[in-house]
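*Asks:* This is the content of target.txt (compact mmCIF, N, CA and C atoms):
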```txt
# COMPACT_ATOMS: atom_id res chain seq x y z
N MET A 287 -18.36 -58.77 135.97
CA MET A 287 -16.95 -58.62 135.68
C MET A 287 -16.09 -58.84 136.92
N ASP A 288 -16.50 -58.29 138.07
CA ASP A 288 -15.74 -58.46 139.31
C ASP A 288 -15.69 -59.93 139.74
N ALA A 289 -16.80 -60.64 139.55
CA ALA A 289 -16.83 -62.06 139.91
C ALA A 289 -15.87 -62.85 139.04
N ARG A 290 -15.78 -62.49 137.78
CA ARG A 290 -14.85 -63.18 136.87
C ARG A 290 -13.41 -62.91 137.28
N ARG A 291 -13.10 -61.68 137.64
CA ARG A 291 -11.74 -61.35 138.09
C ARG A 291 -11.39 -62.15 139.35
N ALA A 292 -12.33 -62.20 140.28
CA ALA A 292 -12.10 -62.94 141.51
C ALA A 292 -11.88 -64.42 141.21
N ASP A 293 -12.64 -64.97 140.27
CA ASP A 293 -12.50 -66.37 139.89
C ASP A 293 -11.13 -66.63 139.25
N VAL A 294 -10.71 -65.73 138.37
CA VAL A 294 -9.40 -65.88 137.73
C VAL A 294 -8.30 -65.80 138.77
N ALA A 295 -8.40 -64.83 139.69
CA ALA A 295 -7.37 -64.67 140.73
C ALA A 295 -7.31 -65.91 141.63
N ALA A 296 -8.47 -66.42 142.02
CA ALA A 296 -8.51 -67.60 142.88
C ALA A 296 -7.95 -68.83 142.16
N SER A 297 -8.26 -68.97 140.89
CA SER A 297 -7.74 -70.10 140.11
C SER A 297 -6.23 -70.01 139.95
N TYR A 298 -5.74 -68.81 139.72
CA TYR A 298 -4.30 -68.59 139.58
C TYR A 298 -3.59 -68.91 140.90
N GLN A 299 -4.15 -68.42 142.00
CA GLN A 299 -3.57 -68.71 143.31
C GLN A 299 -3.55 -70.20 143.58
N ARG A 300 -4.65 -70.87 143.27
CA ARG A 300 -4.75 -72.31 143.51
C ARG A 300 -3.68 -73.07 142.72
N ALA A 301 -3.46 -72.67 141.47
CA ALA A 301 -2.45 -73.33 140.64
C ALA A 301 -1.04 -73.10 141.20
N ILE A 302 -0.76 -71.89 141.65
CA ILE A 302 0.56 -71.60 142.22
C ILE A 302 0.77 -72.38 143.52
N VAL A 303 -0.24 -72.38 144.38
CA VAL A 303 -0.12 -73.12 145.64
C VAL A 303 0.08 -74.60 145.37
N ARG A 304 -0.66 -75.15 144.42
CA ARG A 304 -0.51 -76.56 144.08
C ARG A 304 0.92 -76.86 143.64
N ALA A 305 1.47 -76.00 142.78
CA ALA A 305 2.85 -76.20 142.30
C ALA A 305 3.84 -76.09 143.45
N LEU A 306 3.66 -75.12 144.33
CA LEU A 306 4.57 -74.96 145.47
C LEU A 306 4.52 -76.17 146.40
N VAL A 307 3.32 -76.64 146.66
CA VAL A 307 3.15 -77.79 147.56
C VAL A 307 3.79 -79.04 146.94
N GLU A 308 3.53 -79.28 145.67
CA GLU A 308 4.10 -80.46 145.01
C GLU A 308 5.62 -80.41 145.03
N ARG A 309 6.20 -79.27 144.71
CA ARG A 309 7.66 -79.15 144.68
C ARG A 309 8.25 -79.24 146.08
N THR A 310 7.56 -78.69 147.05
CA THR A 310 8.04 -78.76 148.43
C THR A 310 8.04 -80.20 148.93
N GLN A 311 6.96 -80.91 148.66
CA GLN A 311 6.88 -82.31 149.10
C GLN A 311 7.90 -83.17 148.37
N GLU A 312 8.09 -82.91 147.09
CA GLU A 312 9.08 -83.65 146.32
C GLU A 312 10.49 -83.40 146.86
N ALA A 313 10.80 -82.15 147.17
CA ALA A 313 12.11 -81.81 147.72
C ALA A 313 12.31 -82.48 149.07
N ALA A 314 11.29 -82.49 149.90
CA ALA A 314 11.39 -83.14 151.21
C ALA A 314 11.63 -84.63 151.04
N ASP A 315 10.94 -85.25 150.11
CA ASP A 315 11.13 -86.68 149.85
C ASP A 315 12.54 -86.97 149.35
N GLN A 316 13.02 -86.13 148.42
CA GLN A 316 14.35 -86.35 147.84
C GLN A 316 15.47 -86.14 148.85
N THR A 317 15.28 -85.22 149.77
CA THR A 317 16.33 -84.92 150.73
C THR A 317 16.18 -85.68 152.04
N GLY A 318 15.05 -86.32 152.22
CA GLY A 318 14.80 -87.04 153.46
C GLY A 318 14.39 -86.13 154.60
N ALA A 319 14.00 -84.90 154.28
CA ALA A 319 13.57 -83.97 155.33
C ALA A 319 12.30 -84.49 155.99
N THR A 320 12.27 -84.41 157.30
CA THR A 320 11.09 -84.86 158.03
C THR A 320 10.23 -83.70 158.50
N LYS A 321 10.76 -82.48 158.39
CA LYS A 321 10.01 -81.30 158.79
C LYS A 321 10.11 -80.24 157.70
N ILE A 322 9.04 -79.50 157.52
CA ILE A 322 8.99 -78.41 156.54
C ILE A 322 8.58 -77.15 157.28
N ALA A 323 9.33 -76.07 157.05
CA ALA A 323 8.97 -74.77 157.61
C ALA A 323 8.50 -73.88 156.46
N VAL A 324 7.44 -73.15 156.69
CA VAL A 324 6.92 -72.21 155.69
C VAL A 324 7.21 -70.81 156.22
N VAL A 325 8.08 -70.09 155.50
CA VAL A 325 8.53 -68.78 155.98
C VAL A 325 8.55 -67.76 154.86
N GLY A 326 8.80 -66.52 155.22
CA GLY A 326 8.86 -65.45 154.24
C GLY A 326 7.48 -64.89 153.94
N GLY A 327 7.43 -63.97 153.02
CA GLY A 327 6.17 -63.32 152.68
C GLY A 327 5.09 -64.28 152.21
N VAL A 328 5.49 -65.32 151.47
CA VAL A 328 4.52 -66.27 150.94
C VAL A 328 3.85 -67.07 152.06
N ALA A 329 4.49 -67.17 153.20
CA ALA A 329 3.94 -67.93 154.32
C ALA A 329 2.68 -67.28 154.91
N ALA A 330 2.40 -66.06 154.52
CA ALA A 330 1.18 -65.40 154.99
C ALA A 330 -0.05 -65.85 154.21
N ASN A 331 0.16 -66.57 153.11
CA ASN A 331 -0.95 -67.00 152.27
C ASN A 331 -1.71 -68.13 152.97
N SER A 332 -2.98 -67.89 153.26
CA SER A 332 -3.78 -68.86 154.01
C SER A 332 -4.01 -70.16 153.24
N GLU A 333 -4.13 -70.08 151.93
CA GLU A 333 -4.32 -71.31 151.15
C GLU A 333 -3.06 -72.18 151.19
N LEU A 334 -1.90 -71.55 151.11
CA LEU A 334 -0.65 -72.30 151.20
C LEU A 334 -0.52 -72.96 152.57
N ARG A 335 -0.82 -72.23 153.61
CA ARG A 335 -0.75 -72.78 154.96
C ARG A 335 -1.67 -73.99 155.10
N ALA A 336 -2.88 -73.86 154.56
CA ALA A 336 -3.86 -74.95 154.66
C ALA A 336 -3.44 -76.15 153.82
N SER A 337 -2.70 -75.90 152.75
CA SER A 337 -2.30 -76.99 151.85
C SER A 337 -1.07 -77.75 152.35
N LEU A 338 -0.42 -77.23 153.37
CA LEU A 338 0.73 -77.91 153.98
C LEU A 338 0.44 -78.12 155.47
N PRO A 339 -0.55 -78.94 155.79
CA PRO A 339 -0.98 -79.07 157.18
C PRO A 339 0.08 -79.63 158.13
N ASP A 340 1.04 -80.40 157.61
CA ASP A 340 2.07 -80.97 158.46
C ASP A 340 3.30 -80.07 158.59
N ALA A 341 3.30 -78.97 157.86
CA ALA A 341 4.42 -78.03 157.92
C ALA A 341 4.28 -77.11 159.12
N THR A 342 5.38 -76.50 159.49
CA THR A 342 5.37 -75.53 160.58
C THR A 342 5.46 -74.13 159.97
N PRO A 343 4.38 -73.38 160.01
CA PRO A 343 4.42 -72.02 159.44
C PRO A 343 4.96 -71.02 160.46
N ALA A 344 5.64 -70.01 159.97
CA ALA A 344 6.09 -68.93 160.84
C ALA A 344 4.87 -68.15 161.32
N PRO A 345 4.97 -67.52 162.48
CA PRO A 345 3.86 -66.68 162.93
C PRO A 345 3.58 -65.59 161.88
N LEU A 346 2.33 -65.26 161.68
CA LEU A 346 1.96 -64.28 160.65
C LEU A 346 2.70 -62.95 160.80
N ALA A 347 2.94 -62.54 162.02
CA ALA A 347 3.64 -61.27 162.24
C ALA A 347 5.05 -61.29 161.68
N LEU A 348 5.62 -62.48 161.49
CA LEU A 348 6.98 -62.60 160.97
C LEU A 348 7.01 -62.94 159.49
N CYS A 349 5.86 -63.07 158.87
CA CYS A 349 5.79 -63.42 157.45
C CYS A 349 5.83 -62.16 156.60
N THR A 350 7.01 -61.61 156.49
CA THR A 350 7.15 -60.38 155.73
C THR A 350 8.14 -60.58 154.59
N ASP A 351 8.11 -59.66 153.66
CA ASP A 351 9.03 -59.68 152.54
C ASP A 351 10.42 -59.36 153.06
N ASN A 352 11.43 -60.03 152.57
CA ASN A 352 12.78 -59.80 153.08
C ASN A 352 13.60 -58.87 152.17
N ALA A 353 12.95 -58.08 151.36
CA ALA A 353 13.68 -57.18 150.46
C ALA A 353 14.57 -56.22 151.23
N ALA A 354 14.13 -55.72 152.36
CA ALA A 354 14.95 -54.81 153.15
C ALA A 354 16.19 -55.52 153.66
N MET A 355 16.05 -56.78 154.07
CA MET A 355 17.19 -57.54 154.56
C MET A 355 18.21 -57.76 153.43
N ILE A 356 17.74 -58.11 152.26
CA ILE A 356 18.62 -58.33 151.12
C ILE A 356 19.33 -57.03 150.74
N GLY A 357 18.58 -55.94 150.72
CA GLY A 357 19.17 -54.64 150.42
C GLY A 357 20.23 -54.25 151.42
N SER A 358 19.96 -54.51 152.68
CA SER A 358 20.94 -54.19 153.72
C SER A 358 22.18 -55.07 153.58
N ALA A 359 22.01 -56.33 153.28
CA ALA A 359 23.15 -57.23 153.12
C ALA A 359 24.02 -56.79 151.94
N ALA A 360 23.41 -56.22 150.93
CA ALA A 360 24.17 -55.77 149.75
C ALA A 360 25.15 -54.66 150.10
N ARG A 361 24.88 -53.92 151.17
CA ARG A 361 25.80 -52.85 151.58
C ARG A 361 27.18 -53.39 151.93
N TYR A 362 27.24 -54.64 152.36
CA TYR A 362 28.49 -55.20 152.86
C TYR A 362 29.24 -56.04 151.84
N THR A 363 28.78 -56.06 150.62
CA THR A 363 29.46 -56.82 149.58
C THR A 363 30.06 -55.87 148.55
N GLU A 364 31.05 -56.34 147.87
CA GLU A 364 31.68 -55.51 146.84
C GLU A 364 30.77 -55.44 145.62
N ALA A 365 30.62 -54.26 145.10
CA ALA A 365 29.75 -54.06 143.94
C ALA A 365 30.34 -54.74 142.71
N VAL A 366 29.47 -55.33 141.90
CA VAL A 366 29.88 -55.92 140.63
C VAL A 366 29.55 -54.89 139.56
N PRO A 367 30.55 -54.37 138.85
CA PRO A 367 30.30 -53.31 137.89
C PRO A 367 29.51 -53.79 136.67
N TYR A 368 28.79 -52.84 136.08
CA TYR A 368 28.08 -53.10 134.84
C TYR A 368 29.11 -53.24 133.73
N PRO A 369 28.98 -54.11 132.81
CA PRO A 369 27.93 -55.10 132.59
C PRO A 369 28.27 -56.47 133.18
N SER A 370 29.33 -56.54 133.98
CA SER A 370 29.77 -57.84 134.52
C SER A 370 28.66 -58.58 135.25
N TYR A 371 27.81 -57.85 135.97
CA TYR A 371 26.78 -58.55 136.74
C TYR A 371 25.76 -59.25 135.85
N LEU A 372 25.68 -58.88 134.61
CA LEU A 372 24.74 -59.54 133.70
C LEU A 372 25.16 -60.98 133.40
N ALA A 373 26.42 -61.29 133.60
CA ALA A 373 26.92 -62.64 133.32
C ALA A 373 26.82 -63.56 134.54
N LEU A 374 26.39 -63.03 135.68
CA LEU A 374 26.27 -63.85 136.88
C LEU A 374 25.16 -64.87 136.72
N ASP A 375 25.37 -66.04 137.27
CA ASP A 375 24.37 -67.10 137.21
C ASP A 375 23.90 -67.40 138.62
N ALA A 376 22.63 -67.44 138.82
CA ALA A 376 22.08 -67.75 140.13
C ALA A 376 21.62 -69.20 140.12
N TYR A 377 22.03 -69.94 141.14
CA TYR A 377 21.63 -71.34 141.26
C TYR A 377 21.64 -71.74 142.71
N ALA A 378 20.88 -72.74 143.04
CA ALA A 378 20.84 -73.25 144.39
C ALA A 378 22.08 -74.08 144.65
N SER A 379 22.70 -73.87 145.79
CA SER A 379 23.89 -74.63 146.11
C SER A 379 23.57 -75.91 146.86
N ARG A 380 22.37 -76.03 147.33
CA ARG A 380 21.95 -77.25 148.03
C ARG A 380 20.54 -77.57 147.67
```
So that I can check it, write out the structure of this file as structure tokens.
*Replies:*
Amino acid sequence: MDARRADVAASYQRAIVRALVERTQEAADQTGATKIAVVGGVAANSELRASLPDATPAPLALCTDNAAMIGSAARYTEAVPYPSYLALDAYASR
């Protein structure tokens, strides 16, 4: 049973890494980016690092979740009252 769980977890990780790598390379091609940086908590994943050999990964000590930073930044913005925040749309601006 443990071997099966490990196999499922490894397969799931491999599929996610493959999708991230494909989308990252596609975005770099579309934007003309010549360099890719791998940062944030996901940058600690060794399979992702190995799958992007030409990318520049952040040092492992700096590959942390940024939830604390986001929470701290929220202190300086005006609160959006309920239920208004449910109508907000999140999208990439670039």
*Asks:* Excluding same-chain residues fewer than 4 positions from segment 328-336 of chain A, what lies within 9 Å of it counting only C-alpha atoms, as a list in words?
*Replies:*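 What passes the distance filter is Gln299, Arg300, Val303, Arg304, Leu306, Val307, Val324, Ala341, Thr342, Pro343, Ala344, Pro345, Leu346, Ala347, Leu348, Cys349, Thr350 and Asp351 of chain A.
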*Asks:* Any chance you can output those residues with N, CA and C atoms as a tab-separated table (two decimals), in the coordinates of the input?
*Replies:*
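And here is the file that came out, result-v7.tsv:
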```tsv
chain	number	residue	atom	x	y	z
A	299	GLN	N	-4.15	-68.42	142.00
A	299	GLN	CA	-3.57	-68.71	143.31
A	299	GLN	C	-3.55	-70.20	143.58
A	300	ARG	N	-4.65	-70.87	143.27
A	300	ARG	CA	-4.75	-72.31	143.51
A	300	ARG	C	-3.68	-73.07	142.72
A	303	VAL	N	-0.24	-72.38	144.38
A	303	VAL	CA	-0.12	-73.12	145.64
A	303	VAL	C	0.08	-74.60	145.37
A	304	ARG	N	-0.66	-75.15	144.42
A	304	ARG	CA	-0.51	-76.56	144.08
A	304	ARG	C	0.92	-76.86	143.64
A	306	LEU	N	3.66	-75.12	144.33
A	306	LEU	CA	4.57	-74.96	145.47
A	306	LEU	C	4.52	-76.17	146.40
A	307	VAL	N	3.32	-76.64	146.66
A	307	VAL	CA	3.15	-77.79	147.56
A	307	VAL	C	3.79	-79.04	146.94
A	324	VAL	N	7.44	-73.15	156.69
A	324	VAL	CA	6.92	-72.21	155.69
A	324	VAL	C	7.21	-70.81	156.22
A	341	ALA	N	3.30	-78.97	157.86
A	341	ALA	CA	4.42	-78.03	157.92
A	341	ALA	C	4.28	-77.11	159.12
A	342	THR	N	5.38	-76.50	159.49
A	342	THR	CA	5.37	-75.53	160.58
A	342	THR	C	5.46	-74.13	159.97
A	343	PRO	N	4.38	-73.38	160.01
A	343	PRO	CA	4.42	-72.02	159.44
A	343	PRO	C	4.96	-71.02	160.46
A	344	ALA	N	5.64	-70.01	159.97
A	344	ALA	CA	6.09	-68.93	160.84
A	344	ALA	C	4.87	-68.15	161.32
A	345	PRO	N	4.97	-67.52	162.48
A	345	PRO	CA	3.86	-66.68	162.93
A	345	PRO	C	3.58	-65.59	161.88
A	346	LEU	N	2.33	-65.26	161.68
A	346	LEU	CA	1.96	-64.28	160.65
A	346	LEU	C	2.70	-62.95	160.80
A	347	ALA	N	2.94	-62.54	162.02
A	347	ALA	CA	3.64	-61.27	162.24
A	347	ALA	C	5.05	-61.29	161.68
A	348	LEU	N	5.62	-62.48	161.49
A	348	LEU	CA	6.98	-62.60	160.97
A	348	LEU	C	7.01	-62.94	159.49
A	349	CYS	N	5.86	-63.07	158.87
A	349	CYS	CA	5.79	-63.42	157.45
A	349	CYS	C	5.83	-62.16	156.60
A	350	THR	N	7.01	-61.61	156.49
A	350	THR	CA	7.15	-60.38	155.73
A	350	THR	C	8.14	-60.58	154.59
A	351	ASP	N	8.11	-59.66	153.66
A	351	ASP	CA	9.03	-59.68	152.54
A	351	ASP	C	10.42	-59.36	153.06
```
*Asks:* To one decimal place, how far is atom C of Ala359 of chain A from atom C of Ala376 of chain A in Å?
*Replies:*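 Taking atom C of Ala359 of chain A as the start and atom C of Ala376 of chain A as the end point, the length is 17.3 Å.
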*Asks:* Per DSSP on the backbone, what are the strand (DSSP E) residues of chain A, as a list in words?
*Replies:*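 Secondary structure check on chain A, strand (DSSP E): Ala323, Val324, Thr342 and Pro343 of chain A.
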*Asks:* Between atom CA of Leu338 of chain A and atom CA of Ala295 of chain A, what distance in Å does the model show, to one decimal?
*Replies:*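 Computing the Euclidean distance for atom CA of Leu338 of chain A and atom CA of Ala295 of chain A yields 20.4 Å.
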*Asks:* Kindly give the distance, in Å, that separates atom C of Ile356 of chain A and atom N of Gly326 of chain A, rounded to a single decimal.
*Replies:*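 Taking atom C of Ile356 of chain A as the start and atom N of Gly326 of chain A as the end point, the length is 14.9 Å.
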*Asks:* From the set A:Thr320, A:Ala305, A:Asp375, A:Tyr298, which residue has the shortest atom-to-atom contact distance to Asp340 of chain A, counting only N, CA and C atoms?
*Replies:*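 Smallest separation from Asp340 of chain A among the options: A:Thr320.
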*Asks:* DSSP on the backbone: which residues in chain A end up as alpha helix (DSSP H)? Give the answer as a PyMOL selection string.
*Replies:* chain A and resi 288-317+332-337+353-360
*Asks:* Can you sort out the box for segment 353-361 of chain A, edges along x, y and z, all listed atoms in, 3 Å on every side, with centre and edge lengths in Å to one decimal, as lines of an AutoDock Vina configuration file?
*Replies:*
```
center_x = 20.1
center_y = -55.6
center_z = 152.2
size_x = 20.2
size_y = 11.5
size_z = 10.8
```
